[in-house]
>>> print(open('input.txt').read())   # compact mmCIF, C-alpha atoms
# COMPACT_ATOMS: atom_id res chain seq x y z
CA MET E 1 -20.16 22.43 -9.34
CA ALA E 2 -23.55 23.12 -7.89
CA GLY E 3 -25.01 19.64 -8.20
CA HIS E 4 -22.21 18.06 -6.21
CA SER E 5 -21.91 20.72 -3.51
CA LYS E 6 -25.64 20.87 -2.94
CA PHE E 7 -25.85 17.11 -2.79
CA LYS E 8 -23.26 17.11 0.00
CA ASN E 9 -25.49 19.48 1.96
CA ILE E 10 -28.52 17.31 1.29
CA MET E 11 -26.71 14.16 2.42
CA HIS E 12 -25.89 15.68 5.79
CA ARG E 13 -29.03 17.67 6.42
CA LYS E 14 -31.14 14.98 8.03
CA GLY E 15 -31.25 11.97 9.99
CA ALA E 16 -29.75 9.41 12.23
CA GLN E 17 -26.12 10.33 11.99
CA ASP E 18 -24.87 7.00 13.30
CA LYS E 19 -26.83 5.17 10.62
CA LYS E 20 -25.52 7.53 7.95
CA ARG E 21 -21.97 7.05 9.20
CA SER E 22 -22.30 3.27 9.14
CA ALA E 23 -23.67 3.37 5.60
CA MET E 24 -20.87 5.70 4.52
CA PHE E 25 -18.23 3.35 5.97
CA SER E 26 -19.86 0.45 4.14
CA LYS E 27 -19.63 2.30 0.80
CA LEU E 28 -16.05 3.36 1.47
CA SER E 29 -15.13 -0.24 2.36
CA ARG E 30 -16.68 -1.52 -0.85
CA GLU E 31 -14.65 0.93 -2.95
CA ILE E 32 -11.44 -0.05 -1.12
CA THR E 33 -12.10 -3.75 -1.72
CA VAL E 34 -12.82 -3.21 -5.42
CA ALA E 35 -9.73 -1.03 -5.85
CA ALA E 36 -7.52 -3.59 -4.09
CA LYS E 37 -8.92 -6.43 -6.19
CA MET E 38 -8.33 -4.54 -9.45
CA GLY E 39 -4.64 -3.91 -8.69
CA LEU E 40 -2.02 -4.48 -6.02
CA PRO E 41 -3.20 -4.39 -2.38
CA ASP E 42 -0.60 -1.69 -1.64
CA PRO E 43 -1.88 1.92 -1.76
CA ASP E 44 1.58 3.18 -2.77
CA MET E 45 1.50 0.95 -5.86
CA ASN E 46 -2.19 1.23 -6.69
CA PRO E 47 -3.46 4.78 -7.44
CA ARG E 48 -7.13 3.91 -7.19
CA LEU E 49 -6.62 2.16 -3.85
CA ARG E 50 -4.65 5.12 -2.54
CA LEU E 51 -7.51 7.46 -3.42
CA ALA E 52 -10.02 5.12 -1.77
CA VAL E 53 -7.93 4.83 1.40
CA ASN E 54 -7.40 8.60 1.56
CA ALA E 55 -11.15 9.15 1.16
CA ALA E 56 -11.79 6.74 4.04
CA LYS E 57 -9.21 8.45 6.25
CA ALA E 58 -10.77 11.84 5.50
CA GLN E 59 -14.04 10.48 6.95
CA SER E 60 -12.21 9.19 10.07
CA MET E 61 -12.74 5.55 9.12
CA PRO E 62 -10.74 3.36 11.58
CA LYS E 63 -7.49 1.86 10.29
CA ASP E 64 -8.70 -1.66 11.18
CA ASN E 65 -11.75 -1.19 8.95
CA ILE E 66 -9.57 0.00 6.10
CA GLN E 67 -7.22 -2.97 6.41
CA ARG E 68 -10.11 -5.44 6.59
CA ALA E 69 -11.51 -4.00 3.37
CA ILE E 70 -8.13 -4.42 1.67
CA ASP E 71 -7.72 -7.96 2.99
CA LYS E 72 -11.21 -8.89 1.77
CA ALA E 73 -10.03 -8.41 -1.82
CA GLY E 74 -7.75 -11.42 -1.55
CA MET E 75 -10.18 -13.75 0.19
CA ALA E 76 -11.44 -16.76 -1.72
CA GLY E 77 -15.19 -16.68 -2.18
CA GLY E 78 -15.48 -13.00 -1.31
CA GLU E 79 -17.98 -10.62 -2.84
CA ASP E 80 -17.39 -9.85 -6.49
CA TYR E 81 -18.55 -6.30 -7.10
CA ALA E 82 -19.20 -4.85 -10.54
CA GLU E 83 -19.06 -1.16 -11.39
CA VAL E 84 -22.34 0.00 -12.90
CA ARG E 85 -23.46 3.44 -14.09
CA TYR E 86 -27.06 4.55 -14.47
CA GLU E 87 -28.21 7.71 -16.21
CA GLY E 88 -31.53 9.45 -16.23
CA TYR E 89 -33.59 12.55 -15.65
CA GLY E 90 -34.99 13.67 -12.32
CA PRO E 91 -37.82 16.13 -11.68
CA GLY E 92 -37.56 19.35 -13.67
CA GLY E 93 -35.45 17.69 -16.34
CA VAL E 94 -32.39 17.51 -14.08
CA ALA E 95 -29.75 15.14 -15.49
CA LEU E 96 -28.38 12.59 -13.01
CA ILE E 97 -25.58 10.04 -13.16
CA VAL E 98 -25.65 7.27 -10.54
CA GLU E 99 -22.47 5.28 -9.87
CA ALA E 100 -22.86 1.95 -8.10
CA LEU E 101 -20.83 -1.06 -6.97
CA THR E 102 -22.98 -4.17 -6.85
CA ASP E 103 -22.87 -7.93 -6.51
CA ASN E 104 -26.40 -8.18 -7.95
CA ARG E 105 -27.06 -6.09 -11.05
CA ASN E 106 -30.76 -6.97 -11.19
CA ARG E 107 -31.36 -5.82 -7.61
CA THR E 108 -29.50 -2.56 -8.09
CA ALA E 109 -31.16 -1.76 -11.43
CA THR E 110 -34.59 -2.39 -9.95
CA ASN E 111 -33.90 -0.20 -6.91
CA VAL E 112 -32.51 2.68 -8.96
CA ARG E 113 -35.33 2.51 -11.52
CA THR E 114 -37.93 2.48 -8.73
CA ALA E 115 -36.28 5.47 -7.02
CA PHE E 116 -36.47 7.48 -10.23
CA SER E 117 -40.03 6.51 -11.12
CA LYS E 118 -41.42 7.21 -7.63
CA ASN E 119 -39.79 10.64 -7.41
CA GLY E 120 -40.64 12.35 -10.67
CA GLY E 121 -37.82 10.94 -12.76
CA ASN E 122 -37.12 8.55 -15.60
CA LEU E 123 -34.16 6.19 -15.91
CA GLY E 124 -32.56 6.28 -19.35
CA SER E 125 -29.94 4.23 -21.15
CA GLU E 126 -26.20 4.57 -20.61
CA GLY E 127 -25.01 7.65 -22.48
CA SER E 128 -28.39 9.37 -22.36
CA VAL E 129 -27.15 12.23 -20.12
CA SER E 130 -23.38 11.75 -19.70
CA HIS E 131 -22.77 13.64 -22.96
CA GLY E 132 -23.63 16.77 -20.95
CA PHE E 133 -20.88 16.07 -18.40
CA GLU E 134 -17.09 15.94 -18.40
CA ARG E 135 -15.12 13.21 -16.63
CA ARG E 136 -12.80 15.14 -14.32
CA GLY E 137 -10.70 14.73 -11.20
CA LEU E 138 -12.15 16.32 -8.04
CA ILE E 139 -10.19 17.28 -4.92
CA GLU E 140 -11.89 19.03 -2.01
CA TYR E 141 -10.29 20.89 0.89
CA PRO E 142 -11.94 22.63 3.86
CA ALA E 143 -11.92 26.41 4.03
CA GLY E 144 -9.32 26.25 6.79
CA ALA E 145 -6.73 24.69 4.46
CA GLY E 146 -5.81 28.17 3.23
CA ASP E 147 -7.13 31.33 1.64
CA GLU E 148 -8.10 31.58 -2.02
CA GLU E 149 -4.66 32.79 -3.13
CA THR E 150 -2.85 30.02 -1.25
CA MET E 151 -5.07 27.39 -2.81
CA LEU E 152 -4.68 28.83 -6.30
CA GLU E 153 -0.88 28.91 -6.06
CA ALA E 154 -0.74 25.36 -4.69
CA ALA E 155 -3.11 24.08 -7.37
CA ILE E 156 -1.18 25.70 -10.22
CA GLU E 157 2.08 24.31 -8.88
CA ALA E 158 0.51 20.84 -8.60
CA GLY E 159 -0.75 20.90 -12.19
CA ALA E 160 -4.49 21.36 -11.55
CA ASP E 161 -6.84 22.85 -14.13
CA ASP E 162 -9.09 25.03 -11.97
CA VAL E 163 -9.94 26.00 -8.39
CA GLU E 164 -13.31 27.10 -6.99
CA SER E 165 -13.19 28.70 -3.54
CA SER E 166 -16.04 29.73 -1.24
CA GLU E 167 -16.73 30.07 2.47
CA ASP E 168 -17.61 26.35 2.48
CA GLY E 169 -14.22 25.21 1.16
CA HIS E 170 -12.11 24.73 -1.94
CA THR E 171 -12.74 22.52 -4.96
CA VAL E 172 -9.81 21.67 -7.21
CA TRP E 173 -10.48 20.27 -10.69
CA THR E 174 -7.97 18.23 -12.68
CA ALA E 175 -7.82 16.15 -15.83
CA ALA E 176 -9.08 12.65 -15.05
CA ASP E 177 -5.71 11.01 -15.67
CA ALA E 178 -3.89 13.64 -13.58
CA LEU E 179 -5.98 13.21 -10.41
CA HIS E 180 -3.57 10.94 -8.52
CA GLY E 181 -0.51 13.08 -9.29
CA VAL E 182 -2.18 16.39 -8.43
CA ALA E 183 -3.69 15.01 -5.22
CA GLY E 184 -0.28 13.73 -4.13
CA ALA E 185 1.40 17.06 -4.84
CA LEU E 186 -1.29 19.01 -2.95
CA GLU E 187 -1.10 16.64 0.02
CA LYS E 188 2.59 17.47 0.48
CA VAL E 189 1.75 21.17 0.74
CA LEU E 190 -1.72 21.29 2.28
CA GLY E 191 -2.10 17.91 3.97
CA PRO E 192 -4.73 15.27 3.16
CA ALA E 193 -7.81 16.42 1.26
CA ASP E 194 -11.37 15.88 2.48
CA ASN E 195 -12.29 14.18 -0.76
CA VAL E 196 -10.43 12.89 -3.82
CA LYS E 197 -12.28 11.10 -6.61
CA LEU E 198 -13.18 10.99 -10.26
CA ALA E 199 -16.24 13.11 -10.90
CA TRP E 200 -18.82 13.96 -13.52
CA LYS E 201 -18.83 17.74 -13.97
CA PRO E 202 -21.82 19.18 -15.87
CA SER E 203 -21.16 21.46 -18.83
CA LEU E 204 -24.29 23.46 -17.95
CA THR E 205 -26.45 23.59 -14.82
CA VAL E 206 -30.24 23.73 -14.43
CA ALA E 207 -31.80 26.12 -11.91
CA VAL E 208 -34.33 24.32 -9.69
CA ASP E 209 -37.35 25.95 -8.05
CA GLU E 210 -38.73 25.13 -4.60
CA ALA E 211 -41.38 22.63 -5.72
CA THR E 212 -38.95 20.73 -7.92
CA ALA E 213 -36.18 20.86 -5.31
CA GLY E 214 -38.34 19.11 -2.72
CA THR E 215 -39.00 16.15 -5.00
CA LEU E 216 -35.39 16.11 -6.20
CA MET E 217 -34.09 15.88 -2.65
CA LYS E 218 -36.39 12.92 -1.98
CA LEU E 219 -34.94 11.19 -5.03
CA LEU E 220 -31.36 11.93 -3.98
CA ASP E 221 -32.02 10.76 -0.43
CA THR E 222 -33.56 7.52 -1.70
CA LEU E 223 -30.56 6.85 -3.93
CA ASP E 224 -28.12 7.75 -1.16
CA ASP E 225 -29.83 5.29 1.20
CA ASP E 226 -29.22 2.42 -1.24
CA ASP E 227 -26.18 0.40 -0.15
CA ASP E 228 -25.13 -0.25 -3.76
CA VAL E 229 -25.10 3.41 -4.79
CA GLN E 230 -21.69 5.03 -4.32
CA THR E 231 -22.17 8.53 -5.74
CA VAL E 232 -24.81 10.61 -7.51
CA TRP E 233 -23.83 13.49 -9.79
CA GLY E 234 -26.23 16.03 -11.21
CA ASN E 235 -26.46 19.24 -13.22
CA TYR E 236 -28.89 20.92 -10.82
CA ASP E 237 -28.38 24.28 -9.09
CA ILE E 238 -30.56 24.84 -6.03
CA PRO E 239 -30.47 28.51 -4.91
CA ASP E 240 -29.50 29.08 -1.28
CA ASP E 241 -32.87 30.63 -0.39
CA VAL E 242 -34.65 27.52 -1.68
CA MET E 243 -32.35 25.25 0.32
CA GLU E 244 -33.04 27.28 3.46
CA LYS E 245 -36.80 26.84 3.04
CA LEU E 246 -36.48 23.09 2.55
CA SER E 247 -33.90 22.38 5.26
>>> encode(input="input.txt", output="structure tokens")
Amino acid sequence: MAGHSKFKNIMHRKGAQDKKRSAMFSKLSREITVAAKMGLPDPDMNPRLRLAVNAAKAQSMPKDNIQRAIDKAGMAGGEDYAEVRYEGYGPGGVALIVEALTDNRNRTATNVRTAFSKNGGNLGSEGSVSHGFERRGLIEYPAGAGDEETMLEAAIEAGADDVESSEDGHTVWTAADALHGVAGALEKVLGPADNVKLAWKPSLTVAVDEATAGTLMKLLDTLDDDDDVQTVWGNYDIPDDVMEKLS
């Protein structure tokens, strides 16, 4: 899925890596806390928490940080985060879905709306673009996890729907309600994944030219820098030669 894979490249292409890492840990911690608060604080008994913890481990988040995030869910007077989704169009008519966890809806809505308006986009109402996406399970493995045939066999055995392999790695797609089971089955064979989460997969992608891509990346960077924003999904496809010029 071009929008997601390109966004990963964009996220890591610039900047103060320590600051980025700290921000990433903060977002991972927030997801762990929310997952623990919504169910049992035991990853083995709480599928969403298990996915959140595995995602944190894949990013080398320290065990103490993970446990603190779990413990925070049971603290009296702790932050009460709400899940919020924003939908809109970026430059070039690119459809974007922004997922956030926030303790202040007004602040987050204002920040997201401003990011869109200042970078050639328009924020729409909920449902305005999600009809062009499917809610799917996403599991990502590095290229070194195995060759294309190995991944395909493992994915079929685990009950996955599809596998996309490239020199950058492997992407396994599942039904949304099968994500936890498939991820667990793959982990037994291939080890922990780099990324396991629910995703928005576009039905169709939009090719983006160089001029549009530059503005789009500014919008994505602005959203990524917002502490409340967890993930941004899009239906854009930025050709490799365009990415090389803008990197």
>>> residues_around(input="input.txt", residues="Leu101 in chain E", least_positions_apart="4", cutoff="12 Å", atoms="only C-alpha atoms", output="list in words")
Ser26, Lys27, Leu28, Ser29, Arg30, Glu31, Ile32, Thr33, Val34, Ala35, Glu79, Asp80, Tyr81, Ala82, Glu83, Val84, Arg85, Tyr86, Arg105, Arg107, Thr108, Ala109, Asp226, Asp227, Asp228, Val229, Gln230 and Thr231 of chain E
>>> residues_near_point(input="input.txt", point="(-5.8, -14.5, -4.1)", cutoff="9 Å", atoms="all atoms listed in the file", output="CSV table (one decimal) with C-alpha atoms, in the frame of the given file")
chain,number,residue,atom,x,y,z
E,37,LYS,CA,-8.9,-6.4,-6.2
E,73,ALA,CA,-10.0,-8.4,-1.8
E,74,GLY,CA,-7.8,-11.4,-1.6
E,75,MET,CA,-10.2,-13.8,0.2
E,76,ALA,CA,-11.4,-16.8,-1.7
>>> closest_residue(input="input.txt", among="E:Gly120, E:Gly169, E:Pro43, E:Gly90", to="Ala143 in chain E", atoms="all atoms listed in the file")
E:Gly169
>>> atom_distance(input="input.txt", atom1="CA of Pro62 in chain E", atom2="CA of Ser22 in chain E")
11.8 Å
>>> closest_atom_pairs(input="input.txt", of="range 106-139 of chain E", to="range 192-196 of chain E", cutoff="9 Å", atoms="all atoms listed in the file", output="JSON lines")
{"residue": "E:Gly137", "atom": "CA", "partner": "E:Val196", "partner_atom": "CA", "distance": 7.6}
{"residue": "E:Leu138", "atom": "CA", "partner": "E:Val196", "partner_atom": "CA", "distance": 5.7}
{"residue": "E:Ile139", "atom": "CA", "partner": "E:Val196", "partner_atom": "CA", "distance": 4.5}
>>> axis_aligned_box(input="input.txt", around="range 107-125 of chain E", padding_each_side="5 Å", output="AutoDock Vina command-line options")
--center_x -35.5 --center_y 3.3 --center_z -14.0 --size_x 21.9 --size_y 28.2 --size_z 24.2
>>> closest_residue(input="input.txt", among="E:Val172, E:Val242, E:Leu49, E:Ala95", to="Pro142 in chain E", atoms="only C-alpha atoms")
E:Val172
>>> residues_near_point(input="input.txt", point="(-7.4, 28.1, 5.4)", cutoff="12 Å", atoms="only C-alpha atoms", output="list in words")
Tyr141, Pro142, Ala143, Gly144, Ala145, Gly146, Asp147, Glu148, Glu149, Thr150, Met151, Ser165, Ser166, Glu167, Asp168, Gly169, His170, Leu190 and Gly191 of chain E
>>> atom_distance(input="input.txt", atom1="CA of Ser128 in chain E", atom2="CA of Gly92 in chain E")
16.1 Å
>>> atom_distance(input="input.txt", atom1="CA of Ala23 in chain E", atom2="CA of Thr222 in chain E")
13.0 Å
>>> closest_residue(input="input.txt", among="E:Glu126, E:Asp224, E:Glu187, E:Asp42", to="Ile97 in chain E", atoms="only C-alpha atoms")
E:Glu126
>>> closest_residue(input="input.txt", among="E:Met38, E:Val163, E:Val206, E:Ala154", to="Leu96 in chain E", atoms="all atoms listed in the file")
E:Val206
>>> closest_residue(input="input.txt", among="E:Asn106, E:Val94, E:Met24, E:Leu246", to="Met61 in chain E", atoms="only C-alpha atoms")
E:Met24
>>> closest_residue(input="input.txt", among="E:Trp200, E:Phe116, E:Gln67, E:Ser60", to="Leu216 in chain E", atoms="only C-alpha atoms")
E:Phe116
